[in-house]
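The next block is coords08.txt, given as compact mmCIF, C-alpha atoms and all ligand atoms.
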# COMPACT_ATOMS: atom_id res chain seq x y z
CA MET A 507 -29.63 13.86 -23.40
CA GLN A 508 -31.44 17.01 -24.35
CA THR A 509 -30.89 20.15 -22.28
CA VAL A 510 -34.25 21.38 -20.99
CA ILE A 511 -33.19 24.21 -18.71
CA SER A 512 -30.23 26.47 -19.23
CA PHE A 513 -29.15 29.49 -17.18
CA GLN A 514 -26.35 31.73 -18.43
CA ASN A 515 -25.10 34.27 -15.93
CA VAL A 516 -28.56 34.93 -14.61
CA SER A 517 -29.00 37.60 -11.94
CA LYS A 518 -32.18 38.72 -10.28
CA TYR A 519 -32.36 41.89 -8.24
CA PHE A 520 -35.23 43.27 -6.24
CA PHE A 521 -35.53 46.89 -5.22
CA LEU A 522 -37.10 47.37 -1.86
CA GLN A 523 -38.86 50.51 -0.76
CA HIS A 524 -38.66 50.98 2.96
CA GLN A 525 -41.83 51.97 4.67
CA ARG A 526 -41.57 55.62 5.65
CA THR A 527 -43.61 58.60 6.62
CA LEU A 528 -44.32 61.41 4.18
CA LYS A 529 -41.89 63.64 6.06
CA GLU A 530 -39.11 61.06 5.79
CA ALA A 531 -39.86 60.53 2.13
CA LEU A 532 -39.63 64.28 1.46
CA GLN A 533 -36.37 64.56 3.40
CA ALA A 534 -34.93 61.67 1.42
CA LEU A 535 -35.98 63.35 -1.79
CA LEU A 536 -34.47 66.72 -0.81
CA LEU A 537 -31.24 65.13 0.39
CA GLY A 538 -31.03 63.08 -2.77
CA GLU A 539 -30.81 59.82 -0.86
CA LYS A 540 -31.21 56.62 -2.76
CA PRO A 541 -34.75 55.60 -1.92
CA LEU A 542 -34.50 51.94 -2.82
CA GLU A 543 -32.52 49.12 -1.34
CA LYS A 544 -31.21 46.57 -3.77
CA VAL A 545 -31.53 42.88 -2.92
CA GLU A 546 -29.45 40.57 -5.07
CA ALA A 547 -31.52 37.39 -4.90
CA LEU A 548 -29.50 35.58 -7.60
CA LYS A 549 -25.99 36.48 -8.71
CA ASN A 550 -24.50 35.23 -11.93
CA VAL A 551 -26.13 31.84 -11.84
CA SER A 552 -25.22 29.39 -14.61
CA PHE A 553 -26.17 25.73 -15.01
CA GLU A 554 -27.78 23.30 -17.40
CA ILE A 555 -30.32 20.62 -16.61
CA LYS A 556 -30.92 17.67 -18.88
CA LYS A 557 -34.18 15.91 -19.55
CA GLY A 558 -35.11 13.46 -16.81
CA GLU A 559 -32.75 14.81 -14.15
CA THR A 560 -33.97 15.14 -10.57
CA VAL A 561 -32.28 18.16 -9.04
CA GLY A 562 -32.56 19.31 -5.45
CA ILE A 563 -32.15 23.03 -4.81
CA ILE A 564 -30.88 23.60 -1.29
CA GLY A 565 -29.67 26.51 0.80
CA ARG A 566 -30.63 28.60 3.78
CA ASN A 567 -33.67 30.89 4.02
CA GLY A 568 -33.33 33.73 1.55
CA ALA A 569 -30.64 31.97 -0.52
CA GLY A 570 -32.63 32.44 -3.73
CA LYS A 571 -34.25 29.01 -4.22
CA SER A 572 -37.81 30.19 -4.80
CA THR A 573 -36.56 33.04 -6.97
CA LEU A 574 -34.80 30.50 -9.17
CA LEU A 575 -37.95 28.39 -9.57
CA LYS A 576 -40.04 31.45 -10.34
CA LEU A 577 -37.70 32.37 -13.19
CA ILE A 578 -38.10 28.86 -14.61
CA ALA A 579 -41.86 29.06 -14.20
CA GLY A 580 -41.83 32.36 -16.09
CA VAL A 581 -43.63 34.26 -13.35
CA SER A 582 -40.57 36.44 -12.90
CA LYS A 583 -37.97 37.74 -15.37
CA PRO A 584 -34.20 37.88 -14.87
CA THR A 585 -32.55 41.27 -14.35
CA LYS A 586 -29.45 40.10 -16.25
CA GLY A 587 -28.40 37.05 -18.18
CA ARG A 588 -30.27 34.54 -20.28
CA LEU A 589 -32.33 31.49 -19.56
CA LYS A 590 -33.86 28.94 -21.87
CA ILE A 591 -36.60 26.49 -21.02
CA ASN A 592 -37.64 23.62 -23.29
CA GLY A 593 -40.81 21.86 -22.28
CA GLN A 594 -44.08 22.35 -20.50
CA VAL A 595 -43.48 23.53 -16.96
CA SER A 596 -45.81 22.68 -14.11
CA PRO A 597 -44.94 24.86 -11.15
CA LEU A 598 -45.84 24.10 -7.57
CA ILE A 599 -44.01 27.08 -6.32
CA GLU A 600 -45.92 28.83 -3.67
CA LEU A 601 -48.99 28.04 -1.81
CA GLY A 602 -51.61 29.21 -4.23
CA ALA A 603 -49.43 30.68 -6.97
CA GLY A 604 -51.91 30.93 -9.81
CA PHE A 605 -54.83 30.28 -7.52
CA HIS A 606 -57.47 32.90 -6.92
CA PRO A 607 -58.89 33.10 -3.39
CA GLU A 608 -62.19 34.60 -4.50
CA LEU A 609 -62.90 31.83 -6.99
CA THR A 610 -64.28 28.45 -6.00
CA GLY A 611 -62.28 25.22 -6.00
CA ARG A 612 -64.05 24.13 -9.16
CA GLU A 613 -63.27 27.39 -10.99
CA ASN A 614 -59.66 27.31 -9.84
CA ILE A 615 -59.14 23.77 -11.09
CA ILE A 616 -60.35 24.62 -14.58
CA LEU A 617 -58.57 27.98 -14.68
CA ASN A 618 -55.24 26.54 -13.57
CA ALA A 619 -55.40 23.56 -15.88
CA VAL A 620 -55.92 26.01 -18.75
CA ILE A 621 -53.08 28.23 -17.55
CA LEU A 622 -50.87 25.14 -17.49
CA GLY A 623 -51.66 24.46 -21.11
CA LEU A 624 -54.74 22.24 -21.31
CA SER A 625 -57.64 23.17 -23.57
CA ARG A 626 -60.93 23.92 -21.81
CA LYS A 627 -62.24 20.59 -23.04
CA GLN A 628 -59.24 18.68 -21.64
CA ALA A 629 -59.50 20.61 -18.39
CA LYS A 630 -63.13 19.58 -18.00
CA GLU A 631 -62.33 15.98 -18.88
CA ARG A 632 -59.64 15.80 -16.21
CA PHE A 633 -61.67 17.62 -13.59
CA GLU A 634 -62.91 14.44 -11.89
CA GLU A 635 -59.42 12.97 -11.81
CA VAL A 636 -58.10 16.11 -10.11
CA VAL A 637 -60.83 16.12 -7.48
CA GLU A 638 -60.33 12.44 -6.83
CA PHE A 639 -56.58 12.78 -6.41
CA SER A 640 -56.98 15.75 -4.08
CA GLU A 641 -59.45 13.82 -1.88
CA LEU A 642 -61.12 17.13 -1.26
CA ASP A 643 -64.52 16.86 0.33
CA ARG A 644 -66.92 17.63 -2.51
CA LYS A 645 -68.92 20.04 -0.43
CA PHE A 646 -65.96 22.44 -0.71
CA LEU A 647 -65.86 22.45 -4.49
CA ASP A 648 -68.25 25.37 -4.80
CA ILE A 649 -66.82 27.39 -1.97
CA PRO A 650 -64.25 30.18 -2.53
CA LEU A 651 -60.69 29.06 -1.96
CA LYS A 652 -60.11 31.65 0.74
CA HIS A 653 -62.13 29.45 3.10
CA TYR A 654 -59.87 26.43 2.57
CA SER A 655 -57.21 25.33 5.03
CA SER A 656 -53.61 25.57 3.74
CA GLY A 657 -53.48 21.80 3.43
CA MET A 658 -56.64 21.72 1.34
CA TYR A 659 -55.29 24.48 -0.84
CA MET A 660 -52.06 22.59 -1.39
CA ARG A 661 -53.88 19.34 -2.20
CA LEU A 662 -55.75 21.10 -4.94
CA ALA A 663 -52.64 22.82 -6.29
CA PHE A 664 -50.67 19.58 -6.36
CA SER A 665 -53.52 17.67 -7.97
CA VAL A 666 -53.90 20.22 -10.76
CA ALA A 667 -50.17 20.47 -11.36
CA VAL A 668 -49.74 16.72 -11.79
CA SER A 669 -52.87 16.30 -13.93
CA VAL A 670 -51.39 18.14 -16.90
CA ASP A 671 -48.60 15.63 -17.67
CA PRO A 672 -45.76 18.09 -17.13
CA GLU A 673 -42.36 17.74 -18.78
CA ILE A 674 -40.73 19.85 -16.07
CA LEU A 675 -42.10 19.76 -12.54
CA LEU A 676 -41.08 22.41 -10.02
CA VAL A 677 -41.81 21.64 -6.39
CA ASP A 678 -41.13 24.28 -3.75
CA GLU A 679 -41.48 22.98 -0.22
CA ILE A 680 -45.20 22.88 -0.74
CA LEU A 681 -45.57 19.26 0.33
CA ALA A 682 -44.77 20.18 3.90
CA VAL A 683 -48.27 21.48 4.62
CA GLY A 684 -50.06 18.29 3.61
CA ASP A 685 -50.92 15.64 6.17
CA MET A 686 -48.89 12.41 6.26
CA ALA A 687 -51.23 10.48 4.00
CA PHE A 688 -51.22 13.16 1.35
CA GLN A 689 -47.47 13.66 1.58
CA ALA A 690 -47.00 9.97 0.92
CA LYS A 691 -49.29 10.20 -2.08
CA CYS A 692 -47.41 13.21 -3.48
CA LYS A 693 -44.11 11.42 -3.05
CA ALA A 694 -45.45 8.37 -4.87
CA LYS A 695 -46.59 10.62 -7.70
CA MET A 696 -43.18 12.27 -7.88
CA GLU A 697 -41.52 8.86 -8.00
CA GLU A 698 -43.82 7.90 -10.84
CA PHE A 699 -42.87 11.06 -12.75
CA LYS A 700 -39.22 10.38 -12.10
CA ARG A 701 -39.56 6.90 -13.58
CA LYS A 702 -41.33 8.36 -16.59
CA GLY A 703 -38.43 10.72 -17.23
CA VAL A 704 -40.01 13.99 -16.13
CA THR A 705 -37.41 16.59 -15.17
CA ILE A 706 -37.94 17.56 -11.53
CA LEU A 707 -36.56 20.47 -9.53
CA TYR A 708 -37.20 20.00 -5.87
CA VAL A 709 -36.69 22.72 -3.27
CA SER A 710 -36.81 21.46 0.27
CA HIS A 711 -35.37 22.00 3.71
CA ASN A 712 -35.91 18.30 4.31
CA ILE A 713 -32.37 17.34 3.38
CA GLU A 714 -32.89 13.60 3.90
CA GLU A 715 -35.74 13.74 1.42
CA VAL A 716 -33.61 15.60 -1.12
CA GLU A 717 -30.84 13.06 -0.65
CA ARG A 718 -33.23 10.19 -1.19
CA PHE A 719 -35.08 11.60 -4.18
CA CYS A 720 -32.54 13.61 -6.17
CA GLU A 721 -29.44 12.59 -8.08
CA ARG A 722 -28.01 16.04 -8.28
CA VAL A 723 -28.06 19.06 -6.07
CA ILE A 724 -27.54 22.77 -6.62
CA TYR A 725 -26.58 24.52 -3.42
CA LEU A 726 -27.28 28.24 -3.29
CA LYS A 727 -25.67 30.55 -0.81
CA GLU A 728 -26.64 34.22 -0.77
CA GLY A 729 -27.74 34.04 -4.39
CA ARG A 730 -24.70 32.23 -5.73
CA VAL A 731 -24.24 28.62 -6.78
CA VAL A 732 -21.59 27.28 -4.42
CA PHE A 733 -22.04 23.64 -5.37
CA ASP A 734 -23.52 21.80 -8.32
CA GLY A 735 -23.04 18.08 -8.59
CA LYS A 736 -23.68 14.74 -6.92
CA VAL A 737 -26.35 14.95 -4.25
CA LYS A 738 -24.31 13.25 -1.54
CA GLU A 739 -21.41 15.61 -1.88
CA GLY A 740 -23.60 18.72 -2.06
CA VAL A 741 -25.58 17.78 1.00
CA GLU A 742 -22.39 17.09 2.92
CA ARG A 743 -21.05 20.49 1.97
CA TYR A 744 -24.28 22.16 3.10
CA ARG A 745 -24.28 20.25 6.39
CA ARG A 746 -20.70 21.28 7.00
CA ASP A 747 -21.54 24.93 6.31
CA ILE A 748 -24.43 25.05 8.71
CA ASP A 749 -22.53 22.97 11.20
CA LEU A 750 -24.91 20.07 11.56
N1 LIG B 801 -40.86 39.79 -4.56
C1 LIG B 801 -39.76 40.13 -3.88
N2 LIG B 801 -39.49 41.41 -3.58
C2 LIG B 801 -38.38 41.74 -2.93
N3 LIG B 801 -37.47 40.87 -2.50
C3 LIG B 801 -37.67 39.59 -2.75
C4 LIG B 801 -38.83 39.13 -3.45
N4 LIG B 801 -38.76 37.79 -3.55
C5 LIG B 801 -37.63 37.43 -2.94
N5 LIG B 801 -36.96 38.49 -2.46
C6 LIG B 801 -35.67 38.48 -1.75
O1 LIG B 801 -34.78 37.67 -2.47
C7 LIG B 801 -34.00 36.86 -1.61
C8 LIG B 801 -34.17 35.41 -1.97
O2 LIG B 801 -35.49 35.01 -1.67
P1 LIG B 801 -36.07 33.57 -1.99
O3 LIG B 801 -37.52 33.62 -1.69
O4 LIG B 801 -35.67 33.16 -3.35
O5 LIG B 801 -35.30 32.68 -0.92
P2 LIG B 801 -35.46 31.12 -0.61
O6 LIG B 801 -34.13 30.49 -0.82
O7 LIG B 801 -36.61 30.56 -1.34
O8 LIG B 801 -35.75 31.13 0.96
P3 LIG B 801 -36.70 30.19 1.87
O9 LIG B 801 -35.90 28.99 2.23
O10 LIG B 801 -36.96 31.05 3.06
O11 LIG B 801 -37.94 29.89 1.11
C9 LIG B 801 -34.43 37.23 -0.20
O12 LIG B 801 -33.52 38.17 0.29
C10 LIG B 801 -35.78 37.86 -0.38
O13 LIG B 801 -36.01 38.83 0.60
MG MG B 802 -38.46 29.80 -0.78

Just dump the structure as structure tokens.
Amino acid sequence: MQTVISFQNVSKYFFLQHQRTLKEALQALLLGEKPLEKVEALKNVSFEIKKGETVGIIGRNGAGKSTLLKLIAGVSKPTKGRLKINGQVSPLIELGAGFHPELTGRENIILNAVILGLSRKQAKERFEEVVEFSELDRKFLDIPLKHYSSGMYMRLAFSVAVSVDPEILLVDEILAVGDMAFQAKCKAKMEEFKRKGVTILYVSHNIEEVERFCERVIYLKEGRVVFDGKVKEGVERYRRDIDL
């Protein structure tokens, strides 16, 4: 099978500026203190994912899961190392990533479909399908997104992301904010994609769900891959680590 995602010794660092007063900033400058704190979100991460694999990304808060998905989505660049992506990526990475709060639901649907690779014409053609899938009350379509509830926001994001026939689907915990009916619908859609051979990376703290849906799991711990393999084994390892 064709390799669609490949990471070779990928590291991602963030440099954090602590909030400080002008006086503290001047003192730091005069004393030659290092002003930035380095956060190593991913350290030397290497793996390959083949077409059609369903891979769970697990690990504690801050382990680097979202950072990893953002690199694949191309919204963030690695500090070191190389990564290659083959195929159209549909990211559902953060509530509203790619969505603009000041724009209306209607405008966001079209804009995002275009960002994800549809032509304007295709985006308009699929508009109805997206609205229908989202089950959003039509009266909200012409209202700025900032007035939506988080669940409504997520419904729209999910509906757009699945409308573009992705080859690689990234799902980051987002489903958790939907109500039960919509969660069930999202899961059914993900199952359908899985059957069709779409490559899916699924970040979730719902370990049972990961175990059920994914064949493989990558377990991140403080930015490093500590396990990559069969889902059952990986989940067991994680459970052991957090003492559950
Ligand atoms: N934009 C950013 N600027 C600075 N630091 C960041 C940024 N994004 C992530 N980090 C840091 O990188 C580390 C990994 O964060 P990441 O969001 O990838 O974790 P996560 O595994 O998704 O956690 P969670 O389960 O809480 O969602 C954390 O220490 C976080 O503080
Ligand atoms: Mg995260």

Which of A:Met658, A:Ile564, A:Val683, A:Val551 sits closest to ligand MG 802 (chain B) [using only C-alpha atoms and all ligand atoms]: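 Of the candidates, the smallest distance to ligand MG 802 (chain B) is held by A:Ile564.
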
Determine, counting all atoms listed in the file, which protein, DNA and RNA residues have an atom within 7 Å of an atom of segment 559-561 of chain A; residues of the same chain fewer than 6 positions away are not included. Present the result as a PDB file with C-alpha atoms, in the coordinates of the input.
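The resulting file, around-v5.pdb, is shown below:
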ATOM      1  CA  THR A 705     -37.410  16.590 -15.170  1.00  0.00           C
ATOM      2  CA  ILE A 706     -37.940  17.560 -11.530  1.00  0.00           C
ATOM      3  CA  LEU A 707     -36.560  20.470  -9.530  1.00  0.00           C
ATOM      4  CA  TYR A 708     -37.200  20.000  -5.870  1.00  0.00           C
ATOM      5  CA  CYS A 720     -32.540  13.610  -6.170  1.00  0.00           C
ATOM      6  CA  GLU A 721     -29.440  12.590  -8.080  1.00  0.00           C
ATOM      7  CA  ARG A 722     -28.010  16.040  -8.280  1.00  0.00           C
ATOM      8  CA  VAL A 723     -28.060  19.060  -6.070  1.00  0.00           C
TER       9      VAL A 723
END

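One finds atom O12 of ligand LIG 801 (chain B) at 9.6 Å from atom CA of Lys544 of chain A.
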
Write out as JSON lines the residues of segment 702-727 of chain A that have any atom within 12 Å of an atom of segment 732-746 of chain A, one row each with the nearest atom pair and its distance in Å to one decimal, counting all atoms listed in the file, sorted by chain and then rising number.
{"residue": "A:Ser710", "atom": "CA", "partner": "A:Val741", "partner_atom": "CA", "distance": 11.8}
{"residue": "A:His711", "atom": "CA", "partner": "A:Val741", "partner_atom": "CA", "distance": 11.0}
{"residue": "A:Asn712", "atom": "CA", "partner": "A:Val741", "partner_atom": "CA", "distance": 10.9}
{"residue": "A:Ile713", "atom": "CA", "partner": "A:Val741", "partner_atom": "CA", "distance": 7.2}
{"residue": "A:Glu714", "atom": "CA", "partner": "A:Val741", "partner_atom": "CA", "distance": 8.9}
{"residue": "A:Glu715", "atom": "CA", "partner": "A:Val741", "partner_atom": "CA", "distance": 10.9}
{"residue": "A:Val716", "atom": "CA", "partner": "A:Val737", "partner_atom": "CA", "distance": 7.9}
{"residue": "A:Glu717", "atom": "CA", "partner": "A:Val737", "partner_atom": "CA", "distance": 6.1}
{"residue": "A:Arg718", "atom": "CA", "partner": "A:Val737", "partner_atom": "CA", "distance": 8.9}
{"residue": "A:Phe719", "atom": "CA", "partner": "A:Val737", "partner_atom": "CA", "distance": 9.4}
{"residue": "A:Cys720", "atom": "CA", "partner": "A:Val737", "partner_atom": "CA", "distance": 6.6}
{"residue": "A:Glu721", "atom": "CA", "partner": "A:Val737", "partner_atom": "CA", "distance": 5.5}
{"residue": "A:Arg722", "atom": "CA", "partner": "A:Val737", "partner_atom": "CA", "distance": 4.5}
{"residue": "A:Val723", "atom": "CA", "partner": "A:Val737", "partner_atom": "CA", "distance": 4.8}
{"residue": "A:Ile724", "atom": "CA", "partner": "A:Asp734", "partner_atom": "CA", "distance": 4.5}
{"residue": "A:Tyr725", "atom": "CA", "partner": "A:Phe733", "partner_atom": "CA", "distance": 5.0}
{"residue": "A:Leu726", "atom": "CA", "partner": "A:Val732", "partner_atom": "CA", "distance": 5.9}
{"residue": "A:Lys727", "atom": "CA", "partner": "A:Val732", "partner_atom": "CA", "distance": 6.4}

Could those residues be written to a file, using C-alpha atoms, as a short mmCIF file (atom, residue, chain, number, x, y, z; two decimals), in the frame of the given file?
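File written: result_8.cif
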data_model
loop_
_atom_site.label_atom_id
_atom_site.label_comp_id
_atom_site.auth_asym_id
_atom_site.auth_seq_id
_atom_site.Cartn_x
_atom_site.Cartn_y
_atom_site.Cartn_z
CA SER A 710 -36.81 21.46 0.27
CA HIS A 711 -35.37 22.00 3.71
CA ASN A 712 -35.91 18.30 4.31
CA ILE A 713 -32.37 17.34 3.38
CA GLU A 714 -32.89 13.60 3.90
CA GLU A 715 -35.74 13.74 1.42
CA VAL A 716 -33.61 15.60 -1.12
CA GLU A 717 -30.84 13.06 -0.65
CA ARG A 718 -33.23 10.19 -1.19
CA PHE A 719 -35.08 11.60 -4.18
CA CYS A 720 -32.54 13.61 -6.17
CA GLU A 721 -29.44 12.59 -8.08
CA ARG A 722 -28.01 16.04 -8.28
CA VAL A 723 -28.06 19.06 -6.07
CA ILE A 724 -27.54 22.77 -6.62
CA TYR A 725 -26.58 24.52 -3.42
CA LEU A 726 -27.28 28.24 -3.29
CA LYS A 727 -25.67 30.55 -0.81
#

Non-local contacts of segment 664-678 of chain A (6 Å; only C-alpha atoms; under 5 positions in same chain excluded) as a ChimeraX atom specification: /A:593-599,636,639-640,704-709
